[in-house]
Amino acid sequence: MVDVFISYKREERGRCERIAKKLKALDLDVWFDARLPSGKSFDREIETTIKAAKAVLVLWSPASVESEWVRNEASIGKDRGVLAAAQLSPCELPIAFRSTHYETLFDEAFSDDHPGWVKLLERIGALTGRTGLAGYSK
């Protein structure tokens, strides 16, 4: 079972990889579409992984709010009660997520003690059973 499934839009691939690297450094098993195996049905792989993930981290941006895939993945996380959310740049969230709390990570080079990152780690830590996770990031 994967710890964190990251939903993002390809335009933010570099930022997704940076966030994934920070999470992996905290000994979390992180999945995003770079882990899709060649030759397999990607929609089934995504569906299987997201339904089993302990946390679903959606990275909101102007591009991702327009993506049907990101919206659907975020909906699965929300419906399962395992959604964690970050806004990478200012954008209007889909109506179904406007009352869902998110952290802002507008600075691409945010530090490990960035308040939004720490709060995001607290949420992910609670979802993965690692309640002290945010303390390890600092």
# chains A, B, ... in the order shown; residues from 1 in each chain; ligands from 1
$ closest_atom_pairs --of "stretch 36-122 of chain A" --to "stretch 1-23 of chain A" --cutoff "7 Å" --atoms "only C-alpha atoms" --output "Markdown table"
| residue | atom | partner | partner_atom | distance |
| --- | --- | --- | --- | --- |
| A:Ile50 | CA | A:Phe5 | CA | 6.2 |
| A:Ala52 | CA | A:Met1 | CA | 6.0 |
| A:Ala53 | CA | A:Val2 | CA | 5.0 |
| A:Lys54 | CA | A:Asp3 | CA | 4.9 |
| A:Ala55 | CA | A:Val4 | CA | 4.8 |
| A:Val56 | CA | A:Phe5 | CA | 4.8 |
| A:Leu57 | CA | A:Ile6 | CA | 4.8 |
| A:Val58 | CA | A:Ser7 | CA | 4.7 |
| A:Leu59 | CA | A:Tyr8 | CA | 5.2 |
| A:Ala63 | CA | A:Lys9 | CA | 6.3 |
| A:Ser64 | CA | A:Lys9 | CA | 4.9 |
| A:Val70 | CA | A:Ser7 | CA | 5.8 |
| A:Glu73 | CA | A:Ser7 | CA | 6.5 |
| A:Glu108 | CA | A:Arg15 | CA | 6.8 |
$ residues_around --residues "stretch 85-88 of chain A" --least-positions-apart "4" --cutoff "8 Å" --atoms "only C-alpha atoms" --output "VMD selection string"
chain A and resid 57 to 61 101 to 108 120
$ write_last_selection --atoms "N, CA, C and O atoms" --output "tab-separated table (two decimals), in the first residue's frame"
chain	number	residue	atom	x	y	z
A	57	LEU	N	-2.71	13.49	-2.17
A	57	LEU	CA	-2.27	14.88	-2.17
A	57	LEU	C	-2.56	15.48	-3.54
A	57	LEU	O	-1.99	15.04	-4.54
A	58	VAL	N	-3.44	16.46	-3.58
A	58	VAL	CA	-3.73	17.14	-4.84
A	58	VAL	C	-2.97	18.46	-4.86
A	58	VAL	O	-2.92	19.19	-3.87
A	59	LEU	N	-2.34	18.74	-6.00
A	59	LEU	CA	-1.59	19.98	-6.19
A	59	LEU	C	-2.40	20.87	-7.13
A	59	LEU	O	-2.41	20.67	-8.34
A	60	TRP	N	-3.08	21.86	-6.56
A	60	TRP	CA	-3.94	22.74	-7.34
A	60	TRP	C	-3.14	23.84	-8.01
A	60	TRP	O	-2.25	24.43	-7.40
A	61	SER	N	-3.46	24.10	-9.25
A	61	SER	CA	-2.85	25.16	-10.05
A	61	SER	C	-3.86	25.53	-11.13
A	61	SER	O	-4.86	24.83	-11.32
A	101	HIS	N	-10.09	22.62	2.99
A	101	HIS	CA	-8.89	23.37	3.34
A	101	HIS	C	-7.69	22.93	2.50
A	101	HIS	O	-7.53	21.75	2.19
A	102	TYR	N	-6.87	23.88	2.14
A	102	TYR	CA	-5.64	23.60	1.42
A	102	TYR	C	-4.55	24.53	1.95
A	102	TYR	O	-4.83	25.56	2.57
A	103	GLU	N	-3.31	24.15	1.71
A	103	GLU	CA	-2.17	24.97	2.08
A	103	GLU	C	-1.61	25.64	0.82
A	103	GLU	O	-1.70	25.06	-0.26
A	104	THR	N	-1.06	26.82	0.97
A	104	THR	CA	-0.47	27.51	-0.18
A	104	THR	C	1.04	27.31	-0.19
A	104	THR	O	1.71	27.51	0.82
A	105	LEU	N	1.53	26.87	-1.34
A	105	LEU	CA	2.97	26.67	-1.55
A	105	LEU	C	3.35	27.38	-2.84
A	105	LEU	O	3.78	26.75	-3.81
A	106	PHE	N	3.16	28.69	-2.87
A	106	PHE	CA	3.41	29.46	-4.09
A	106	PHE	C	4.88	29.52	-4.45
A	106	PHE	O	5.25	29.56	-5.62
A	107	ASP	N	5.76	29.55	-3.45
A	107	ASP	CA	7.19	29.62	-3.70
A	107	ASP	C	7.70	28.23	-4.08
A	107	ASP	O	7.60	27.28	-3.30
A	108	GLU	N	8.23	28.11	-5.28
A	108	GLU	CA	8.72	26.80	-5.75
A	108	GLU	C	9.83	26.25	-4.87
A	108	GLU	O	9.99	25.04	-4.75
A	120	LEU	N	0.81	20.82	5.91
A	120	LEU	CA	0.53	19.74	4.96
A	120	LEU	C	1.11	18.42	5.50
A	120	LEU	O	0.46	17.38	5.44
$ closest_residue --among "A:Ile76, A:Phe32, A:Leu26, A:Ser67" --to "A:Gly135" --atoms "only C-alpha atoms"
A:Leu26
$ residues_around --residues "A:Gly125" --least-positions-apart "3" --cutoff "10 Å" --atoms "only C-alpha atoms" --output "list in words"
Asp3, Leu28, Lys54, Ala55, Lys119, Leu120, Leu121, Glu122, Thr128, Gly129, Arg130, Thr131, Gly132, Leu133 and Ala134 of chain A
$ write_last_selection --atoms "N, CA, C and O atoms" --output "PDB file, in the first residue's frame"
ATOM      1  N   ASP A   3       1.851   5.171   0.575  1.00  0.00           N
ATOM      2  CA  ASP A   3       1.502   6.167   1.589  1.00  0.00           C
ATOM      3  C   ASP A   3       0.798   7.373   0.969  1.00  0.00           C
ATOM      4  O   ASP A   3      -0.257   7.786   1.434  1.00  0.00           O
ATOM      5  N   LEU A  28       8.453   8.138   3.288  1.00  0.00           N
ATOM      6  CA  LEU A  28       7.108   7.831   2.829  1.00  0.00           C
ATOM      7  C   LEU A  28       7.189   7.203   1.442  1.00  0.00           C
ATOM      8  O   LEU A  28       8.038   7.582   0.630  1.00  0.00           O
ATOM      9  N   LYS A  54      -2.924   5.753   1.447  1.00  0.00           N
ATOM     10  CA  LYS A  54      -3.294   6.280   2.760  1.00  0.00           C
ATOM     11  C   LYS A  54      -3.650   7.755   2.690  1.00  0.00           C
ATOM     12  O   LYS A  54      -4.469   8.235   3.460  1.00  0.00           O
ATOM     13  N   ALA A  55      -3.000   8.484   1.766  1.00  0.00           N
ATOM     14  CA  ALA A  55      -3.273   9.916   1.585  1.00  0.00           C
ATOM     15  C   ALA A  55      -3.259  10.229   0.094  1.00  0.00           C
ATOM     16  O   ALA A  55      -2.465   9.660  -0.655  1.00  0.00           O
ATOM     17  N   LYS A 119       2.104  22.325   7.858  1.00  0.00           N
ATOM     18  CA  LYS A 119       0.699  21.939   8.049  1.00  0.00           C
ATOM     19  C   LYS A 119       0.306  20.794   7.120  1.00  0.00           C
ATOM     20  O   LYS A 119      -0.451  19.900   7.498  1.00  0.00           O
ATOM     21  N   LEU A 120       0.807  20.823   5.906  1.00  0.00           N
ATOM     22  CA  LEU A 120       0.534  19.736   4.961  1.00  0.00           C
ATOM     23  C   LEU A 120       1.111  18.425   5.498  1.00  0.00           C
ATOM     24  O   LEU A 120       0.459  17.376   5.438  1.00  0.00           O
ATOM     25  N   LEU A 121       2.308  18.481   6.051  1.00  0.00           N
ATOM     26  CA  LEU A 121       2.925  17.290   6.633  1.00  0.00           C
ATOM     27  C   LEU A 121       2.151  16.790   7.853  1.00  0.00           C
ATOM     28  O   LEU A 121       2.064  15.589   8.085  1.00  0.00           O
ATOM     29  N   GLU A 122       1.586  17.705   8.623  1.00  0.00           N
ATOM     30  CA  GLU A 122       0.763  17.293   9.760  1.00  0.00           C
ATOM     31  C   GLU A 122      -0.440  16.489   9.273  1.00  0.00           C
ATOM     32  O   GLU A 122      -0.782  15.457   9.840  1.00  0.00           O
ATOM     33  N   THR A 128      -1.293   8.908   7.463  1.00  0.00           N
ATOM     34  CA  THR A 128      -0.415   7.749   7.290  1.00  0.00           C
ATOM     35  C   THR A 128      -0.016   7.090   8.616  1.00  0.00           C
ATOM     36  O   THR A 128       0.773   6.145   8.620  1.00  0.00           O
ATOM     37  N   GLY A 129      -0.526   7.619   9.717  1.00  0.00           N
ATOM     38  CA  GLY A 129      -0.184   7.053  11.014  1.00  0.00           C
ATOM     39  C   GLY A 129       1.173   7.491  11.517  1.00  0.00           C
ATOM     40  O   GLY A 129       1.777   6.842  12.372  1.00  0.00           O
ATOM     41  N   ARG A 130       1.677   8.620  10.978  1.00  0.00           N
ATOM     42  CA  ARG A 130       2.981   9.153  11.394  1.00  0.00           C
ATOM     43  C   ARG A 130       2.777  10.570  11.930  1.00  0.00           C
ATOM     44  O   ARG A 130       3.184  11.551  11.332  1.00  0.00           O
ATOM     45  N   THR A 131       2.127  10.672  13.071  1.00  0.00           N
ATOM     46  CA  THR A 131       1.717  11.963  13.609  1.00  0.00           C
ATOM     47  C   THR A 131       2.853  12.927  13.885  1.00  0.00           C
ATOM     48  O   THR A 131       2.634  14.131  13.894  1.00  0.00           O
ATOM     49  N   GLY A 132       4.053  12.487  14.075  1.00  0.00           N
ATOM     50  CA  GLY A 132       5.185  13.378  14.321  1.00  0.00           C
ATOM     51  C   GLY A 132       5.940  13.752  13.063  1.00  0.00           C
ATOM     52  O   GLY A 132       7.022  14.330  13.129  1.00  0.00           O
ATOM     53  N   LEU A 133       5.384  13.449  11.913  1.00  0.00           N
ATOM     54  CA  LEU A 133       6.077  13.636  10.632  1.00  0.00           C
ATOM     55  C   LEU A 133       6.570  15.062  10.413  1.00  0.00           C
ATOM     56  O   LEU A 133       7.699  15.266   9.967  1.00  0.00           O
ATOM     57  N   ALA A 134       5.762  16.043  10.727  1.00  0.00           N
ATOM     58  CA  ALA A 134       6.140  17.440  10.481  1.00  0.00           C
ATOM     59  C   ALA A 134       7.407  17.812  11.234  1.00  0.00           C
ATOM     60  O   ALA A 134       8.221  18.596  10.740  1.00  0.00           O
TER      61      ALA A 134
END
$ select_by_dssp --residues "chain A" --states "strand (DSSP E or B)" --output "ChimeraX atom specification"
/A:4-7,30-31,55-60,83-87,103-104
$ atom_distance --atom1 "atom CA of A:Ala74" --atom2 "atom CA of A:Phe110"
23.1 Å
$ closest_residue --among "A:Tyr136, A:Glu45, A:Val65, A:Thr100" --to "A:Val82" --atoms "only C-alpha atoms"
A:Thr100
$ atom_distance --atom1 "atom CA of A:Ile95" --atom2 "atom CA of A:Gly116"
22.1 Å
$ select_by_dssp --residues "stretch 2-82 of chain A" --states "helix (DSSP H, G or I)" --output "ChimeraX atom specification"
/A:10-25,33-35,42-52,64-66,68-80
